[in-house]
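> Sharing start.cif here; it has mmCIF, C-alpha atoms.
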data_upload
loop_
_atom_site.label_atom_id
_atom_site.label_comp_id
_atom_site.auth_asym_id
_atom_site.auth_seq_id
_atom_site.Cartn_x
_atom_site.Cartn_y
_atom_site.Cartn_z
CA MET E 1 -5.47 -53.86 -56.58
CA ALA E 2 -2.75 -52.08 -54.58
CA LEU E 3 -4.13 -48.70 -55.63
CA SER E 4 -7.66 -49.67 -54.55
CA LEU E 5 -6.33 -50.83 -51.18
CA TYR E 6 -4.46 -47.53 -50.80
CA HIS E 7 -7.64 -45.51 -51.41
CA LEU E 8 -9.56 -47.75 -49.02
CA LEU E 9 -7.03 -47.14 -46.27
CA LEU E 10 -7.35 -43.38 -46.80
CA VAL E 11 -11.11 -43.43 -46.10
CA PRO E 12 -10.80 -43.46 -42.26
CA THR E 13 -8.25 -40.63 -42.39
CA ARG E 14 -10.52 -38.50 -44.56
CA LEU E 15 -13.49 -39.18 -42.29
CA LEU E 16 -11.46 -38.20 -39.24
CA LEU E 17 -10.38 -34.97 -40.92
CA LYS E 18 -13.99 -34.11 -41.79
CA LEU E 19 -15.10 -34.98 -38.26
CA SER E 20 -12.31 -32.83 -36.83
CA LYS E 21 -13.36 -29.86 -38.97
CA LEU E 22 -17.00 -30.35 -37.97
CA LEU E 23 -16.13 -30.44 -34.28
CA GLU E 24 -13.95 -27.34 -34.68
CA TRP E 25 -16.81 -25.53 -36.40
CA LEU E 26 -19.27 -26.56 -33.69
CA ALA E 27 -16.86 -25.42 -30.98
CA MET E 28 -16.40 -22.05 -32.70
CA ARG E 29 -20.14 -21.53 -33.13
CA SER E 30 -20.83 -22.51 -29.53
CA ALA E 31 -18.15 -20.14 -28.27
CA SER E 32 -19.58 -17.37 -30.47
CA TYR E 33 -23.10 -17.76 -29.10
CA LEU E 34 -21.80 -17.93 -25.53
CA ALA E 35 -19.73 -14.79 -26.04
CA GLY E 36 -22.67 -13.04 -27.68
CA ALA E 37 -24.92 -13.95 -24.75
CA ALA E 38 -22.30 -12.71 -22.28
CA TYR E 39 -21.93 -9.38 -24.06
CA CYS E 40 -25.72 -8.99 -24.14
CA LEU E 41 -25.68 -8.98 -20.33
CA TRP E 42 -24.00 -5.57 -20.61
CA VAL E 43 -27.12 -4.07 -22.22
CA PRO E 44 -29.29 -3.92 -19.04
CA TRP E 45 -26.42 -2.16 -17.25
CA LEU E 46 -26.22 0.37 -20.09
CA VAL E 47 -29.98 0.97 -19.87
CA LEU E 48 -29.76 1.47 -16.10
CA THR E 49 -26.85 3.92 -16.30
CA GLN E 50 -27.84 5.88 -19.42
CA GLY E 51 -31.58 5.36 -19.63
CA PRO E 52 -33.40 3.55 -22.47
CA CYS E 53 -33.52 6.58 -24.76
CA ARG E 54 -29.78 7.18 -24.72
CA ALA E 55 -28.87 3.49 -24.58
CA PHE E 56 -30.65 2.63 -27.82
CA ARG E 57 -29.66 5.72 -29.74
CA TRP E 58 -26.57 6.59 -31.73
CA ARG E 59 -25.96 9.47 -34.07
CA VAL E 60 -24.29 9.69 -37.43
CA ARG E 61 -21.40 12.15 -37.52
CA GLU E 62 -21.70 14.31 -40.62
CA THR E 63 -18.59 16.42 -40.09
CA PRO E 64 -15.16 15.01 -39.18
CA PRO E 65 -13.55 16.37 -35.99
CA PRO E 66 -10.89 19.03 -36.70
CA CYS E 67 -7.93 16.88 -35.62
CA LEU E 68 -8.85 14.22 -38.20
CA THR E 69 -8.20 16.74 -40.98
CA ASP E 70 -5.39 18.63 -39.23
CA ALA E 71 -2.70 19.29 -41.84
CA SER E 72 0.02 19.55 -39.18
CA TYR E 73 0.15 15.73 -39.04
CA GLY E 74 0.80 15.44 -42.73
CA GLU E 75 -0.73 15.66 -46.17
CA HIS E 76 -3.92 13.71 -46.89
CA ARG E 77 -3.77 11.76 -50.14
CA TYR E 78 -5.35 8.85 -51.99
CA LEU E 79 -3.83 6.15 -54.15
CA GLN E 80 -5.41 3.56 -56.42
CA LEU E 81 -4.11 0.02 -56.27
CA LYS E 82 -3.26 -1.46 -59.65
CA SER E 83 -4.54 -4.97 -58.94
CA SER E 84 -7.86 -4.34 -57.17
CA ARG E 85 -8.49 -0.73 -58.32
CA LEU E 86 -9.28 0.10 -54.69
CA HIS E 87 -8.75 3.65 -53.47
CA LEU E 88 -6.90 3.91 -50.16
CA HIS E 89 -6.59 7.03 -48.06
CA TYR E 90 -3.33 7.83 -46.31
CA VAL E 91 -1.55 10.64 -44.51
CA THR E 92 2.09 11.26 -45.36
CA ALA E 93 4.85 13.37 -43.87
CA GLY E 94 8.52 13.71 -44.74
CA GLN E 95 10.45 13.73 -48.00
CA LYS E 96 9.31 11.84 -51.10
CA GLU E 97 12.88 10.85 -51.88
CA ALA E 98 13.39 9.25 -48.46
CA GLN E 99 12.84 5.60 -47.60
CA LEU E 100 9.22 4.61 -47.01
CA MET E 101 8.05 3.92 -43.45
CA LEU E 102 4.62 2.35 -43.81
CA CYS E 103 2.41 2.31 -40.69
CA LEU E 104 -0.62 0.01 -40.36
CA HIS E 105 -3.26 0.53 -37.68
CA GLY E 106 -5.53 -1.91 -35.87
CA PHE E 107 -9.11 -2.13 -34.62
CA PRO E 108 -11.00 0.09 -33.83
CA GLN E 109 -8.72 2.85 -35.12
CA ASN E 110 -7.48 4.50 -38.31
CA TRP E 111 -4.40 6.42 -39.50
CA PHE E 112 -4.75 8.83 -36.55
CA ALA E 113 -3.51 6.13 -34.14
CA LEU E 114 -0.03 6.54 -35.65
CA ARG E 115 0.10 10.34 -35.60
CA TYR E 116 3.01 10.40 -33.15
CA GLN E 117 5.10 8.30 -35.53
CA LEU E 118 4.15 10.57 -38.44
CA GLN E 119 5.47 13.58 -36.58
CA GLU E 120 8.60 11.93 -35.21
CA PHE E 121 10.01 9.99 -38.14
CA LYS E 122 9.33 12.50 -40.92
CA LYS E 123 12.80 13.86 -40.10
CA GLN E 124 14.40 10.90 -41.87
CA PHE E 125 11.70 8.92 -43.68
CA GLN E 126 8.73 9.27 -45.95
CA VAL E 127 6.20 8.24 -43.30
CA VAL E 128 2.82 6.95 -44.46
CA ALA E 129 -0.04 6.19 -42.07
CA LEU E 130 -2.60 4.21 -44.01
CA ASP E 131 -6.33 3.82 -43.58
CA MET E 132 -6.67 0.07 -44.10
CA ARG E 133 -9.35 -1.07 -46.54
CA GLY E 134 -12.77 -0.74 -44.92
CA TYR E 135 -11.60 2.00 -42.55
CA GLY E 136 -11.75 5.79 -42.59
CA GLY E 137 -11.41 7.34 -46.01
CA SER E 138 -10.42 4.12 -47.80
CA ASP E 139 -12.83 2.11 -49.94
CA ALA E 140 -15.05 -0.34 -48.06
CA LEU E 141 -16.25 -3.27 -50.15
CA ARG E 142 -19.29 -5.31 -49.10
CA GLY E 143 -18.74 -8.99 -48.31
CA LYS E 144 -16.32 -10.59 -45.89
CA GLN E 145 -14.43 -12.27 -48.74
CA HIS E 146 -12.87 -8.87 -49.48
CA TYR E 147 -11.16 -8.85 -46.07
CA GLN E 148 -9.32 -12.15 -46.21
CA MET E 149 -5.63 -12.02 -45.37
CA GLU E 150 -4.57 -12.51 -49.00
CA ALA E 151 -6.44 -9.34 -50.02
CA LEU E 152 -4.96 -7.34 -47.14
CA LEU E 153 -1.45 -8.47 -48.05
CA GLU E 154 -2.05 -7.47 -51.65
CA ASP E 155 -2.99 -3.98 -50.45
CA VAL E 156 0.31 -3.63 -48.57
CA HIS E 157 2.22 -4.93 -51.59
CA GLY E 158 0.50 -2.42 -53.84
CA VAL E 159 1.12 0.52 -51.50
CA ILE E 160 4.85 -0.26 -51.25
CA GLN E 161 5.10 -0.56 -55.03
CA VAL E 162 3.39 2.81 -55.55
CA LEU E 163 5.00 4.83 -52.74
CA GLY E 164 8.31 3.04 -52.14
CA ILE E 165 11.69 4.21 -53.41
CA LYS E 166 14.08 1.77 -55.07
CA ASP E 167 17.47 1.39 -53.44
CA GLN E 168 20.82 1.26 -55.24
CA LYS E 169 20.32 -2.43 -56.03
CA GLY E 170 16.91 -1.80 -57.56
CA PHE E 171 14.88 -3.19 -54.65
CA THR E 172 11.87 -1.40 -53.15
CA LYS E 173 12.23 -1.88 -49.41
CA CYS E 174 10.36 -0.20 -46.58
CA ILE E 175 10.32 0.03 -42.82
CA LEU E 176 7.07 -1.70 -41.91
CA VAL E 177 5.26 -0.75 -38.68
CA GLY E 178 2.07 -2.37 -37.44
CA HIS E 179 -0.15 -2.39 -34.36
CA ASP E 180 -2.89 -4.92 -33.51
CA TRP E 181 -4.44 -6.06 -36.83
CA GLY E 182 -1.89 -3.90 -38.62
CA GLY E 183 0.84 -5.80 -36.76
CA ALA E 184 -0.58 -9.18 -37.75
CA ILE E 185 -0.75 -8.09 -41.39
CA ALA E 186 2.76 -6.60 -41.24
CA TRP E 187 4.11 -9.85 -39.76
CA GLU E 188 2.46 -11.92 -42.49
CA PHE E 189 3.70 -9.58 -45.22
CA ALA E 190 7.31 -9.50 -43.99
CA MET E 191 7.26 -13.29 -43.64
CA ASN E 192 6.17 -13.75 -47.25
CA HIS E 193 8.00 -10.77 -48.82
CA PRO E 194 11.28 -10.34 -46.92
CA ASP E 195 12.75 -8.71 -50.04
CA MET E 196 10.37 -5.74 -49.60
CA VAL E 197 10.87 -5.12 -45.87
CA GLU E 198 14.15 -3.85 -44.45
CA LYS E 199 13.00 -3.87 -40.83
CA LEU E 200 9.77 -4.86 -39.11
CA ILE E 201 8.23 -3.21 -36.04
CA ILE E 202 5.33 -4.93 -34.31
CA MET E 203 3.31 -3.43 -31.46
CA ASN E 204 1.02 -5.64 -29.36
CA ALA E 205 0.17 -8.01 -32.18
CA ILE E 206 0.57 -11.70 -32.93
CA HIS E 207 0.37 -14.06 -35.89
CA SER E 208 -2.89 -16.03 -35.93
CA SER E 209 -1.20 -19.45 -35.95
CA ILE E 210 0.98 -18.43 -32.97
CA LEU E 211 -2.17 -17.32 -31.13
CA LYS E 212 -3.78 -20.68 -31.84
CA GLU E 213 -0.65 -22.49 -30.64
CA TYR E 214 -0.57 -20.40 -27.46
CA ILE E 215 -4.26 -20.91 -26.67
CA ALA E 216 -3.79 -24.69 -26.87
CA CYS E 217 -1.39 -24.40 -23.91
CA HIS E 218 -2.97 -21.42 -22.15
CA PRO E 219 -6.79 -21.56 -22.40
CA CYS E 220 -7.11 -18.42 -20.23
CA GLN E 221 -6.31 -16.45 -23.39
CA LEU E 222 -9.73 -17.54 -24.66
CA LEU E 223 -11.36 -15.22 -22.13
CA ARG E 224 -9.25 -12.30 -23.33
CA SER E 225 -10.23 -13.18 -26.90
CA SER E 226 -13.96 -13.59 -26.18
CA TYR E 227 -14.78 -10.54 -28.31
CA VAL E 228 -13.27 -12.33 -31.34
CA PHE E 229 -15.88 -15.08 -30.98
CA MET E 230 -18.69 -12.57 -30.49
CA PHE E 231 -17.62 -10.83 -33.70
CA GLN E 232 -18.29 -14.07 -35.64
CA LEU E 233 -22.02 -13.50 -35.26
CA GLN E 234 -24.00 -11.52 -37.79
CA ARG E 235 -25.62 -8.15 -36.96
CA LEU E 236 -25.40 -8.52 -33.18
CA PRO E 237 -21.81 -7.14 -32.90
CA GLU E 238 -22.73 -4.13 -35.04
CA LEU E 239 -25.73 -3.46 -32.78
CA LEU E 240 -23.84 -3.89 -29.51
CA LEU E 241 -20.98 -1.66 -30.66
CA SER E 242 -23.45 1.06 -31.67
CA LEU E 243 -25.50 1.14 -28.44
CA GLY E 244 -25.15 4.16 -26.19
CA ASP E 245 -23.67 6.16 -29.07
CA PHE E 246 -20.83 3.64 -29.52
CA GLN E 247 -20.16 3.23 -25.81
CA LEU E 248 -18.30 -0.08 -26.20
CA LEU E 249 -15.87 1.48 -28.67
CA LYS E 250 -15.33 4.41 -26.33
CA ASP E 251 -14.69 2.05 -23.41
CA THR E 252 -12.25 0.02 -25.52
CA LEU E 253 -10.14 3.05 -26.34
CA ALA E 254 -10.57 5.18 -23.24
CA GLY E 255 -11.87 2.87 -20.52
CA ARG E 256 -10.06 2.66 -17.18
CA LYS E 257 -9.25 -1.04 -17.56
CA GLY E 258 -8.37 -1.60 -21.22
CA GLY E 259 -7.91 1.89 -22.62
CA ILE E 260 -4.93 4.23 -22.59
CA GLN E 261 -3.39 4.21 -19.11
CA ASN E 262 -1.11 7.25 -19.28
CA PRO E 263 -2.95 10.29 -17.78
CA GLU E 264 -0.87 12.61 -19.96
CA ARG E 265 -2.12 10.83 -23.08
CA PHE E 266 -5.79 10.25 -22.27
CA LEU E 267 -7.82 10.77 -25.43
CA THR E 268 -9.66 14.07 -25.52
CA ALA E 269 -13.31 14.06 -26.60
CA GLN E 270 -12.23 15.30 -30.02
CA GLU E 271 -9.54 12.62 -30.40
CA LEU E 272 -12.03 9.93 -29.44
CA GLU E 273 -14.36 11.26 -32.11
CA THR E 274 -11.68 10.66 -34.76
CA TYR E 275 -12.34 6.94 -34.34
CA ILE E 276 -16.12 7.13 -33.85
CA PHE E 277 -16.66 9.40 -36.86
CA GLY E 278 -16.01 6.75 -39.52
CA PHE E 279 -17.89 3.98 -37.70
CA SER E 280 -21.00 6.13 -37.16
CA LYS E 281 -22.09 5.89 -40.77
CA SER E 282 -24.59 3.21 -41.76
CA GLY E 283 -22.91 -0.18 -42.28
CA ALA E 284 -19.43 1.19 -41.53
CA LEU E 285 -18.73 -1.24 -38.68
CA THR E 286 -19.22 -4.35 -40.83
CA PRO E 287 -16.01 -4.14 -42.94
CA ALA E 288 -13.86 -3.77 -39.80
CA LEU E 289 -15.61 -6.75 -38.20
CA ASP E 290 -15.17 -8.79 -41.39
CA TYR E 291 -11.43 -8.89 -40.66
CA TYR E 292 -12.34 -11.03 -37.63
CA ARG E 293 -15.00 -13.04 -39.46
CA ASN E 294 -12.35 -14.42 -41.77
CA ILE E 295 -10.22 -15.81 -38.94
CA PHE E 296 -12.16 -19.10 -38.80
CA SER E 297 -13.39 -19.15 -42.39
CA ARG E 298 -10.35 -21.10 -43.55
CA SER E 299 -7.26 -22.76 -42.19
CA PRO E 300 -4.90 -20.09 -40.80
CA MET E 301 -1.74 -19.33 -42.70
CA GLN E 302 1.15 -21.23 -41.16
CA CYS E 303 3.78 -19.11 -39.46
CA LYS E 304 7.13 -19.47 -41.20
CA ASP E 305 10.60 -18.32 -40.31
CA MET E 306 10.95 -14.55 -40.09
CA LEU E 307 13.92 -13.48 -42.20
CA VAL E 308 13.62 -9.77 -41.43
CA PRO E 309 15.12 -7.99 -38.37
CA MET E 310 12.22 -7.37 -36.01
CA LEU E 311 11.38 -5.14 -33.05
CA VAL E 312 8.47 -6.18 -30.84
CA ILE E 313 7.08 -3.47 -28.55
CA TRP E 314 4.65 -4.76 -25.94
CA GLY E 315 2.44 -2.79 -23.57
CA GLY E 316 2.39 -4.72 -20.31
CA LYS E 317 -1.19 -3.76 -19.40
CA ASP E 318 -2.71 -5.28 -22.52
CA VAL E 319 -6.02 -6.86 -21.49
CA TYR E 320 -6.50 -8.57 -24.87
CA LEU E 321 -3.21 -10.41 -25.45
CA GLU E 322 -1.12 -12.16 -22.80
CA ALA E 323 2.56 -11.30 -22.77
CA GLY E 324 3.30 -15.01 -22.31
CA MET E 325 2.98 -15.53 -26.04
CA ILE E 326 6.12 -13.46 -26.76
CA PRO E 327 8.47 -16.51 -26.46
CA PHE E 328 6.23 -18.34 -28.97
CA LEU E 329 6.77 -15.41 -31.32
CA GLU E 330 10.55 -15.24 -30.82
CA LYS E 331 11.19 -18.82 -31.86
CA TYR E 332 10.28 -18.01 -35.49
CA ALA E 333 12.86 -15.21 -35.76
CA ARG E 334 15.91 -16.09 -37.86
CA LYS E 335 17.37 -12.58 -37.77
CA ARG E 336 17.68 -10.20 -34.87
CA CYS E 337 14.50 -10.08 -32.78
CA LEU E 338 14.44 -7.40 -30.11
CA VAL E 339 11.60 -7.48 -27.56
CA GLU E 340 10.95 -4.31 -25.59
CA ARG E 341 8.26 -4.25 -22.90
CA ILE E 342 6.63 -1.09 -21.57
CA PRO E 343 5.02 -2.37 -18.36
CA GLU E 344 2.81 0.66 -17.74
CA ALA E 345 1.35 0.82 -21.26
CA SER E 346 -1.96 -0.56 -22.50
CA HIS E 347 -2.72 -2.47 -25.68
CA PHE E 348 -2.74 0.89 -27.49
CA VAL E 349 0.95 1.38 -26.80
CA SER E 350 1.74 3.80 -29.66
CA GLU E 351 -0.71 6.33 -28.21
CA ASP E 352 -0.19 5.44 -24.56
CA GLN E 353 3.59 5.90 -24.44
CA PRO E 354 4.54 7.55 -27.77
CA ASP E 355 7.83 9.02 -26.55
CA LYS E 356 9.11 5.66 -25.30
CA VAL E 357 7.84 3.89 -28.41
CA ASN E 358 9.57 6.39 -30.70
CA GLN E 359 12.80 6.14 -28.73
CA LEU E 360 12.77 2.34 -29.02
CA ILE E 361 12.09 2.54 -32.75
CA TRP E 362 14.93 5.03 -33.32
CA SER E 363 17.35 2.82 -31.40
CA PHE E 364 16.32 -0.23 -33.42
CA LEU E 365 16.57 1.55 -36.75
CA GLN E 366 19.98 3.05 -36.02
CA ASP E 367 21.54 -0.25 -34.93
CA SER E 368 23.33 -2.17 -37.69
CA ASP E 369 22.46 -5.86 -37.99
#
Could you write out this structure as structure tokens?

Amino acid sequence: MALSLYHLLLVPTRLLLKLSKLLEWLAMRSASYLAGAAYCLWVPWLVLTQGPCRAFRWRVRETPPPCLTDASYGEHRYLQLKSSRLHLHYVTAGQKEAQLMLCLHGFPQNWFALRYQLQEFKKQFQVVALDMRGYGGSDALRGKQHYQMEALLEDVHGVIQVLGIKDQKGFTKCILVGHDWGGAIAWEFAMNHPDMVEKLIIMNAIHSSILKEYIACHPCQLLRSSYVFMFQLQRLPELLLSLGDFQLLKDTLAGRKGGIQNPERFLTAQELETYIFGFSKSGALTPALDYYRNIFSRSPMQCKDMLVPMLVIWGGKDVYLEAGMIPFLEKYARKRCLVERIPEASHFVSEDQPDKVNQLIWSFLQDSD
């Protein structure tokens, strides 16, 4: 009797949970359609400025730009992960016997975004700039289920196991560096595997649950994140990003408002092509967008205490993430958390101000905890 009463009392709670999930789904879908409609308003402007022929045309790049294969940045290699059998492309510089510094890029980039770190830190580390799964020369599986956070974390785990060097105590620890999506993945990995990360370096990135917590208090962030909702739609994002020979991607990386702000580091036409090249192939945009399409597909992983010393580098002119969320990030740190702001830098801080970024990283790495 008592057990039956207990189950009966749980019915309203379960109904409320289901209703809450339904309302959340409806809100997400509504926001996605609104964002999609808003982005579609850009199309007439593109037609007016470029003409219909150029606006609705994009070309497939058959040959990579020279700087994407430039051996001066490092040696191009592939590894096969033991668990998934995936092949991942990476560029490495430095000594094999040195400690691993693993660098993870974000959207819409590839290993080339971390070229300045490859060149700088090869003096002391085995630096590896990875093409994340679905990007560049790495395998791209079909289906968004292959780009859930658990799979991405397993990739990082596998790379460290294959390329990392064991220390005197028998542990395989790396310096983990991440920007944008790479930063979110690096945060999640260090949080769950503190025994494999000696120090963590995050650049303009945030954990998904912290972002959700921040948005609840600061709804203006929703406008900055409108592209995330647009990416939830099928086919439309791929089409919009391809129009005008990938004009939206070019504007993201090199536009006056959101792109690199430092005149000395403006992307050349060839450097811009290093990012467009991979996306120009048929279906190549979908895997990168599937990272975003998994954000709402399940409950976000809860942010736990960070037990690894952490450096957060933040470009002050980021138009996608508000700097106000940094205090939300700091409260999870249980070891040293150093926040360094570069006010004049954009979201793409590692390319925008590489000298300052490298100096901050050196200072952080050389300090004892």
> Which residue, E:Trp314, E:Trp181, E:Phe189, E:Tyr90, has the smallest gap to Asp352 in chain E when you use only C-alpha atoms?
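Checking each candidate against Asp352 in chain E, we get E:Trp314 as the closest.
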> From the list E:Lys21, E:Lys281, E:Lys123, E:Lys335, which residue is nearest Met191 in chain E when using all atoms listed in the file?
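For Met191 in chain E, the nearest of the given residues is E:Lys335.
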> Find the axis-aligned box for range 72-85 of chain E, covering all its listed atoms and adding 6 Å on each side, and write its centre and edge lengths in Å to one decimal as lines of an AutoDock Vina configuration file.

center_x = -3.8
center_y = 7.3
center_z = -49.3
size_x = 21.3
size_y = 36.5
size_z = 32.6
> Grab the CA of Asp305 in chain E to CA of Lys144 in chain E distance for me, in Å with one decimal place.
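Those two atoms sit 28.6 Å apart.
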> As an exercise, work out the distance from CA of Met325 in chain E to CA of Gly182 in chain E in Å and give it to one decimal place.
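Between CA of Met325 in chain E and CA of Gly182 in chain E the gap works out to 17.8 Å.
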